[in-house]
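J.: First, the structure itself, so that you have it in front of you.
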Amino acid sequence: MADAGFIATTCSKTHNAKCVAVLTANPDSADVSTVSDLAGAALDLAVAAASDAGALINDRSSRYGGGTPEGDALRACSGAYFDAANDLDIDAHDSLGSGDYTAASRLVSGAGGAADTCDAAFAAAKVSSVMADVDQKMKDRCSVARDLINLLTEFPPTDN
C-alpha cells in the first residue's frame, strides 16, 4: 500500500509541483506499491479528465447554439478531447503496459495538448473560455502522468 510518504518521495523526483495534490486527491493512488503502479494511476486520472471533459463539452454545447463563437470553440474542444481520450485510454495504456515508456510519455504529452487546443479555440473566437477549469485539470493530470512515466524511463522497474 502506498502511503503519503511514498507518493511525496516519488513526486519529489518529478519536480512537478502538482504531483502530490493530484495523486492524493485520488483514493486509488493509495493502493499502489511501485512507481509503475503510480504512473498507471496517474494515467487513469488523465483518461478520466479527458472523458469528463467530453461529457462537460456535450453539456455546455447545449447551452450555446450552433454558429455562436462559444459553440464553434466547443466543437474544436470536442474533437481535441475525443482524440486525447482515445490516445490515453488505448495507446498510452498499451505503451505503459508493454514497457514502452518513451511512447507512453509522448502520447500523454500530446493528449495534454487538447487543453491548449481548446484554450486556443476560445482565444480565436475572442470569447471567454467556458472550459478553462477543465483545461487546467487536463494539463495538471497529463503533466503528472508524463512526469511519472518519465521516471520509469530513467529508472526502469526491475520487479515488474
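Here, A, B, ... name the chains of the C-alpha cells in the order displayed, residue numbers run from 1 inside each chain, and ligands are numbered from 1 in the same displayed order.
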Residues of region 18-159 of chain A in alpha helix (DSSP H) according to DSSP, as a PyMOL selection string?
T.: chain A and resi 19-24+35-61+69-86+93-98+101-125+132-154
J.: Name the closest residue to Val108 (chain A) among the candidates A:Arg146, A:Gly79, A:Ala121, A:Leu74; distances are taken between atoms, counting only C-alpha atoms.
T.: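 Using only C-alpha atoms, Val108 (chain A) sits closest to A:Arg146.
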J.: Can you tell me, as a list in words, what residues are no more than 12 Å from Ser51 (chain A) when counting only C-alpha atoms, ignoring any on the same chain fewer than 6 positions away?
T.: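 Here the answer would be Asp44, Leu45, Ile57, Asn58, Ser78, Gly79, Ala80, Tyr81, Phe82, Asp83, Ala84, Ala85, Asn86, Asp87, Leu88, Asp89, Ala111, Ala114, Val134, Lys137 and Met138 of chain A.
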J.: Write to file, as a JSON list (two decimals), in the first residue's frame, the residues of the selection just made, with C-alpha atoms.
T.:
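File result_5.json, as written:
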```json
[["chain", "number", "residue", "atom", "x", "y", "z"],
["A", 44, "ASP", "CA", -6.05, 6.70, -15.29],
["A", 45, "LEU", "CA", -6.62, 10.18, -13.85],
["A", 57, "ILE", "CA", -18.48, 19.74, -23.57],
["A", 58, "ASN", "CA", -21.69, 17.97, -24.54],
["A", 78, "SER", "CA", -14.75, 18.24, -28.53],
["A", 79, "GLY", "CA", -12.53, 16.89, -31.29],
["A", 80, "ALA", "CA", -9.35, 17.53, -29.31],
["A", 81, "TYR", "CA", -10.62, 15.86, -26.15],
["A", 82, "PHE", "CA", -12.10, 12.92, -28.08],
["A", 83, "ASP", "CA", -8.70, 12.24, -29.65],
["A", 84, "ALA", "CA", -6.95, 12.73, -26.31],
["A", 85, "ALA", "CA", -9.23, 10.27, -24.52],
["A", 86, "ASN", "CA", -8.60, 7.63, -27.17],
["A", 87, "ASP", "CA", -4.84, 8.21, -27.21],
["A", 88, "LEU", "CA", -4.67, 7.95, -23.43],
["A", 89, "ASP", "CA", -7.09, 5.12, -22.84],
["A", 111, "ALA", "CA", -3.05, 14.33, -25.18],
["A", 114, "ALA", "CA", -6.10, 19.03, -26.03],
["A", 134, "VAL", "CA", -11.38, 21.68, -17.26],
["A", 137, "LYS", "CA", -7.29, 19.94, -14.82],
["A", 138, "MET", "CA", -6.28, 18.15, -18.03]]
```
J.: Name the residues in contact with Tyr101 (chain A) at a cut-off of 7 Å, using only C-alpha atoms, excluding same-chain residues fewer than 4 positions from it; report them as an NGL selection string.
T.: :A and (95-96 or 105 or 149-150 or 152-153)
J.: With only C-alpha atoms as the basis for distance, which of A:Asp140, A:Asp94, A:Asp31, A:Asp100 is at the shortest distance from Ala115 (chain A)?
T.: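 Smallest separation from Ala115 (chain A) among the options: A:Asp140.
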J.: Out of A:Thr102, A:Ser143, A:Gln136, A:Thr117, which residue has the shortest atom-to-atom distance to Arg75 (chain A) when counting only C-alpha atoms?
T.: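 For Arg75 (chain A), the nearest of the given residues is A:Thr117.
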J.: State, in Å with one decimal place, the distance from CA of Val47 (chain A) to CA of Val22 (chain A).
T.: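 Spanning CA of Val47 (chain A) to CA of Val22 (chain A) is a straight-line distance of 13.4 Å.
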J.: Point out the residue among A:Ala92, A:Val144, A:Val20, A:Met131 with the least atom-to-atom distance to Ala42 (chain A), counting only C-alpha atoms.
T.: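 Nearest to Ala42 (chain A): A:Val144.
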J.: Calculated over only C-alpha atoms, which of the candidates A:Asp135, A:Glu154, A:Ala125, A:Cys142 has the smallest distance to Gly54 (chain A)?
T.: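 Going through A:Asp135, A:Glu154, A:Ala125, A:Cys142 one by one, the smallest distance to Gly54 (chain A) is for A:Asp135.
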J.: So, counting only C-alpha atoms, which residue among A:Asn26, A:Asp72, A:Thr14, A:Tyr64 is closest to Ala46 (chain A)?
T.: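 Between A:Asn26, A:Asp72, A:Thr14, A:Tyr64, the residue approaching Ala46 (chain A) most closely is A:Asn26.
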J.: Work out how far CA of Val32 (chain A) is from CA of Phe155 (chain A), in Å to one decimal.
T.: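 Spanning CA of Phe155 (chain A) to CA of Val32 (chain A) is a straight-line distance of 17.4 Å.
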